Structures are given as C-alpha cells and as structure tokens.
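Novice: Please see the structure below; I have some questions.
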Amino acid sequence: MLNRRHIRVKVMQTLYAFKGSEGDDFTSNQKFLLFSIDNMYNLYLLLISLLIEVQKRAEDDLDKKQKKHLATPEDKDPNRKFVNNELLQILKENNSLKHQIETHKVTDWELDSEYVDVVFKAITASDLYKEYMQSRVSDFKEDKDFIVDVYKDIIAPNEKLYDYIEDKNLTWLDDLPTVNTTLLKLLRKSKVTSSDSYFTPKLYKDQEDKQFAVDLFKKTILNQVALNEEIALKTQNWDKDRIANVDFVLLQMAICELKNFSSIPVKVTINEYLEIAKEYSTPKSSIFINGILDKLVKEYETDGTLNKLGRGLM
C-alpha cells in the first residue's frame, strides 16, 4: 500500500515539526513518524468499511419500506440488485477484513452514521445507480464495475466526506490519494476467488521500506550540521530567510539520501524530491532544489564521494 514517496513525505512532515538539533533526543518524534504511517492503515479500513456500511444502509432502507403501513407493490417486492451486489457481499462476509476492523477498533460509522447516509443518498441519486438498477439481475463483473465507478466518481470526490476525514485526522489528507488509489486497485482486480486476506494488504511492501523510513529520519537529524553546511555553501547568494522551510528540509533529506543510501539511484532521489516540492512547497521550489542538487551531485562525482552500489545507479 505504502510507496517510497509517501514514506519520504511522512519523514519530511516529521522533520519539519522537529524543533531540536542533532544532539537532542528525537525518540518521541520517531514514534510519531511510525504512528503517523501506521495510522494510514486505519484510514484504509475506515473507507473500505464505508462500502460495507452503505450496503447495510441500503438493506435497512428496503426493510423499512416493506414494513410500511401503506407499502406499495414496489415496496413489497423491491429490486435488491444493489443490496445483493456480489462484491459488497464479499466485503461484508470477509473474515480477515472483519478481524482487522475489530482489531483496529474502526467503529467510526457507528458514531457518525449521518455520513453513511450522505454517501448512500449520493449513490441512489446518481445516474450510475439508476442505470445499474434498470435490471434485477447481474453477474460479478457488472457488480464490480458498478462499485468501482461508485467509489471513483461518488465516494472519493465527496466534499462532505473529505471534510469529515480532515476533522478526524489532519495527516489523513496526505494519505487519502494513496489510500484511494490502493482501494480502487484492489476493487478493480478483485475476483470471486480472491483469498480472504486479499482486502487486508500489508502497509509496507517489506521490512526494508519500514527501515528506510526510520533510517532516513535518523540519519537526516544526526547529520544536520554537516547537511546545513553543504546547503549554506550552495546558497551563499540567497537570503536564508527567503528559502522556504520545506525546501530546506527537502534539501537535507535529499543530500542525506544521496550520501547514505547507496542502493537508491541518483535520478530516483532527485526526481522524488522535486515531485514532493511541487506538491508541498512554492511554485519555484523544484527549480531551486534541482539546481542545488545538480551542483552537489557533480561535485560528489568529481570527488569520488558518491558511492552507489550496482549498475545504473549514478
């Protein structure tokens, strides 16, 4: 679920908030970094459980209509295509997903059921829903395509849901694009025969990625003085107060990565930090950062201090 760029963003945010120096204790900040990353999985569980809650809401709606005192023929014999959607049923009955939701205590929709109603009403008012409900029968492919479109076109862009997520946890806004992409990918590739663990993906691709997060954070802090000196030498013509704080942190991280992570190609490091700068800093930040890193890489290559292992890493 988690990619290296998102790990770098999390490290950047934690370093940005760190007010100490390389000699200070940063244990609590490191714990916050790992907690912030782990909490991303709670957002995933929250959003996938929303689909389950919407299905339950639809079922309750049909039951209430059938029990009405003046129920219409349509109320008594409703179209249950949405309620019986095969993909929603798979999610609802997935034991591994149930276990994760219970373990992580994701009970938000019980307390905030009005947002389930908001999403349910948005779905049933849509043209997607009206077209889907024109028949009473479907196969797994049609059911899956419908849920993918619902999530992509109705749930993911819902402004009230976005505001709700922002209020619940501010760091989730940065996680949301990655979580939405992961969830959509899982929905699209799901099969009737998918394993029980299919909808409970690992947060980290492997242990190496988790270690990368910790190492990048620690090595950047522990080498702050040297990193700052390198940046100062290359920004002598710049007023320090005019350099955005985010740019300074990104430069620290990028230089640290260039010098201490021998298996990561130079181009990958530079491109990653330029893309992060475009998203999180000023319009000209990526140009500024690229210029500094380009000069430093050329110096490292000349001095022979850019130690990269393997072919094609320069």
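By convention here, the chains of the structure tokens are called A, B, ... in the order presented, each chain's residues are numbered starting at 1, and ligands are numbered starting at 1 in the order presented.
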Could you pull the residues within 8 Å of stretch 39-46 of chain A, counting only C-alpha atoms, minus those fewer than 6 positions along the same chain, as a list in words?
Specialist: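 The contact residues come out as Gln100, Ile101, His104, Val106, Asp108, Trp172, Asp175, Leu176, Val179, Asn180, Leu183 and Leu203 of chain A.
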Novice: Filtering to C-alpha atoms, could you give me those residues as an mmCIF file, in the first residue's frame?
Specialist:
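Everything below was put into part_30.cif:
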data_model
loop_
_atom_site.group_PDB
_atom_site.id
_atom_site.type_symbol
_atom_site.label_atom_id
_atom_site.label_comp_id
_atom_site.auth_asym_id
_atom_site.auth_seq_id
_atom_site.Cartn_x
_atom_site.Cartn_y
_atom_site.Cartn_z
ATOM 1 C CA GLN A 100 -8.778 -6.070 11.106
ATOM 2 C CA ILE A 101 -11.687 -3.670 11.579
ATOM 3 C CA HIS A 104 -8.041 -1.541 14.911
ATOM 4 C CA VAL A 106 -12.679 1.174 13.460
ATOM 5 C CA ASP A 108 -16.426 5.483 13.416
ATOM 6 C CA TRP A 172 -5.063 11.673 6.664
ATOM 7 C CA ASP A 175 -2.706 9.750 2.950
ATOM 8 C CA LEU A 176 -6.022 9.971 1.127
ATOM 9 C CA VAL A 179 -5.365 5.025 0.123
ATOM 10 C CA ASN A 180 -7.936 5.790 -2.585
ATOM 11 C CA LEU A 183 -8.567 0.714 -2.627
ATOM 12 C CA LEU A 203 1.012 -1.459 4.916
#
Novice: So that I can check the surroundings of stretch 244-247 of chain A, please list as a PyMOL selection string every protein, DNA and RNA residue that reaches within 7 Å of it, counting only C-alpha atoms and ignoring chain neighbours fewer than 2 positions away.
Specialist: chain A and resi 16+242+249-251+281+285
Novice: Could you dump the residues just selected with C-alpha atoms as an mmCIF file, in the first residue's frame?
Specialist:
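Everything below was put into again-v5.cif:
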data_model
loop_
_atom_site.group_PDB
_atom_site.id
_atom_site.type_symbol
_atom_site.label_atom_id
_atom_site.label_comp_id
_atom_site.auth_asym_id
_atom_site.auth_seq_id
_atom_site.Cartn_x
_atom_site.Cartn_y
_atom_site.Cartn_z
ATOM 1 C CA TYR A 16 9.559 19.876 9.664
ATOM 2 C CA ARG A 242 13.786 33.633 1.685
ATOM 3 C CA VAL A 249 14.061 20.123 4.943
ATOM 4 C CA LEU A 250 13.751 18.542 1.484
ATOM 5 C CA LEU A 251 17.350 19.505 0.684
ATOM 6 C CA SER A 281 6.199 23.913 -1.453
ATOM 7 C CA SER A 285 10.888 25.331 -5.224
#
Novice: Name the residues in contact with A:Lys189 at a cut-off of 12 Å, using only C-alpha atoms, excluding same-chain residues fewer than 2 positions from it; report them as a list in words.
Specialist: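 Returned residues: Leu87, Phe140, Lys141, Lys144, Asp145, Val148, Thr182, Leu183, Leu184, Lys185, Leu186, Leu187, Lys191, Val192, Thr193, Ser194, Tyr198 and Phe199 of chain A.
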Novice: Keeping only N, CA and C atoms, write the selected residues as a PDB file, in the first residue's frame.
Specialist:
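Saved to selection14.pdb:
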ATOM      1  N   LEU A  87     -19.853  -8.037  -5.008  1.00  0.00           N
ATOM      2  CA  LEU A  87     -18.622  -7.503  -4.423  1.00  0.00           C
ATOM      3  C   LEU A  87     -18.876  -6.970  -3.008  1.00  0.00           C
ATOM      4  N   PHE A 140     -20.903 -10.973 -11.567  1.00  0.00           N
ATOM      5  CA  PHE A 140     -19.869 -10.372 -10.725  1.00  0.00           C
ATOM      6  C   PHE A 140     -19.191  -9.197 -11.415  1.00  0.00           C
ATOM      7  N   LYS A 141     -18.941  -9.316 -12.717  1.00  0.00           N
ATOM      8  CA  LYS A 141     -18.243  -8.244 -13.439  1.00  0.00           C
ATOM      9  C   LYS A 141     -19.047  -6.945 -13.413  1.00  0.00           C
ATOM     10  N   LYS A 144     -18.978  -5.549  -9.892  1.00  0.00           N
ATOM     11  CA  LYS A 144     -17.670  -4.976  -9.573  1.00  0.00           C
ATOM     12  C   LYS A 144     -17.468  -3.636 -10.284  1.00  0.00           C
ATOM     13  N   ASP A 145     -17.780  -3.583 -11.569  1.00  0.00           N
ATOM     14  CA  ASP A 145     -17.617  -2.338 -12.329  1.00  0.00           C
ATOM     15  C   ASP A 145     -18.448  -1.211 -11.730  1.00  0.00           C
ATOM     16  N   VAL A 148     -16.728   0.001  -8.451  1.00  0.00           N
ATOM     17  CA  VAL A 148     -15.520   0.769  -8.814  1.00  0.00           C
ATOM     18  C   VAL A 148     -15.911   2.178  -9.249  1.00  0.00           C
ATOM     19  N   THR A 182      -5.023   2.724  -3.755  1.00  0.00           N
ATOM     20  CA  THR A 182      -4.896   1.325  -3.326  1.00  0.00           C
ATOM     21  C   THR A 182      -6.248   0.631  -3.317  1.00  0.00           C
ATOM     22  N   LEU A 183      -7.241   1.309  -2.741  1.00  0.00           N
ATOM     23  CA  LEU A 183      -8.567   0.714  -2.627  1.00  0.00           C
ATOM     24  C   LEU A 183      -9.181   0.453  -4.002  1.00  0.00           C
ATOM     25  N   LEU A 184      -9.054   1.422  -4.887  1.00  0.00           N
ATOM     26  CA  LEU A 184      -9.584   1.248  -6.252  1.00  0.00           C
ATOM     27  C   LEU A 184      -8.885   0.116  -6.988  1.00  0.00           C
ATOM     28  N   LYS A 185      -7.580   0.026  -6.812  1.00  0.00           N
ATOM     29  CA  LYS A 185      -6.814  -1.043  -7.456  1.00  0.00           C
ATOM     30  C   LYS A 185      -7.282  -2.418  -6.964  1.00  0.00           C
ATOM     31  N   LEU A 186      -7.503  -2.524  -5.656  1.00  0.00           N
ATOM     32  CA  LEU A 186      -7.976  -3.792  -5.089  1.00  0.00           C
ATOM     33  C   LEU A 186      -9.376  -4.135  -5.593  1.00  0.00           C
ATOM     34  N   LEU A 187     -10.244  -3.129  -5.644  1.00  0.00           N
ATOM     35  CA  LEU A 187     -11.601  -3.377  -6.131  1.00  0.00           C
ATOM     36  C   LEU A 187     -11.577  -3.824  -7.593  1.00  0.00           C
ATOM     37  N   LYS A 191     -11.605 -10.719  -7.488  1.00  0.00           N
ATOM     38  CA  LYS A 191     -12.258 -11.832  -8.170  1.00  0.00           C
ATOM     39  C   LYS A 191     -13.148 -12.564  -7.168  1.00  0.00           C
ATOM     40  N   VAL A 192     -14.048 -13.352  -7.691  1.00  0.00           N
ATOM     41  CA  VAL A 192     -14.892 -14.172  -6.812  1.00  0.00           C
ATOM     42  C   VAL A 192     -14.018 -15.105  -5.987  1.00  0.00           C
ATOM     43  N   THR A 193     -12.882 -15.503  -6.582  1.00  0.00           N
ATOM     44  CA  THR A 193     -11.997 -16.470  -5.937  1.00  0.00           C
ATOM     45  C   THR A 193     -10.868 -15.803  -5.136  1.00  0.00           C
ATOM     46  N   SER A 194     -10.916 -14.483  -4.971  1.00  0.00           N
ATOM     47  CA  SER A 194      -9.855 -13.799  -4.215  1.00  0.00           C
ATOM     48  C   SER A 194      -9.766 -14.361  -2.794  1.00  0.00           C
ATOM     49  N   TYR A 198      -7.113 -10.923   0.802  1.00  0.00           N
ATOM     50  CA  TYR A 198      -6.919 -10.020  -0.342  1.00  0.00           C
ATOM     51  C   TYR A 198      -7.208  -8.560   0.023  1.00  0.00           C
ATOM     52  N   PHE A 199      -8.274  -8.327   0.787  1.00  0.00           N
ATOM     53  CA  PHE A 199      -8.672  -6.957   1.119  1.00  0.00           C
ATOM     54  C   PHE A 199      -8.014  -6.443   2.411  1.00  0.00           C
TER      55      PHE A 199
END
Novice: DSSP says alpha helix (DSSP H) for which residues of stretch 73-188 of chain A? Put them as a ChimeraX atom specification?
Specialist: /A:73-76,86-93,95-103,108-111,113-124,127-132,140-150,159-168,172-188
Novice: As an NGL selection string, please: the residues near A:Ile289 (cut-off 12 Å, only C-alpha atoms, same-chain neighbours under 6 positions excluded).
Specialist: :A and (231 or 234-235 or 243-244 or 246-255 or 269-278 or 281-283 or 295-296)
Novice: For a quick check of understanding, using only C-alpha atoms, which of A:Thr124, A:Ser96, A:Gln13, A:Gln66 has the smallest distance to A:Val54?
Specialist: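 Nearest to A:Val54: A:Thr124.
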Novice: Between atom CA of A:Phe217 and atom CA of A:Val11, measure the distance and give it in Å to one decimal.
Specialist: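 Atom-to-atom, atom CA of A:Phe217 to atom CA of A:Val11, that is 5.9 Å.
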Novice: Residues at most 8 Å from A:Lys259, counting only C-alpha atoms, excluding those fewer than 3 positions away in the same chain, as a list in words?
Specialist: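 Non-adjacent residues within range: Ile255, Cys256, Ser262, Thr305, Leu306 and Asn307 of chain A.
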Novice: What lies within 8 Å of stretch 22-34 of chain A using only C-alpha atoms, ignoring chain neighbours under 3 positions off, as a list in words?
Specialist: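 Using only C-alpha atoms, the neighbours found are Lys10, Val11, Thr14, Phe18, Ile37, Asp38, Val214, Phe217, Lys218, Ile221, Leu222, Asn223, Gln224 and Val225 of chain A.
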Novice: Which residue, A:Ile154, A:Gln207, A:Asp139, A:Leu173, has the smallest gap to A:Ala125 when you use only C-alpha atoms?
Specialist: A:Ile154
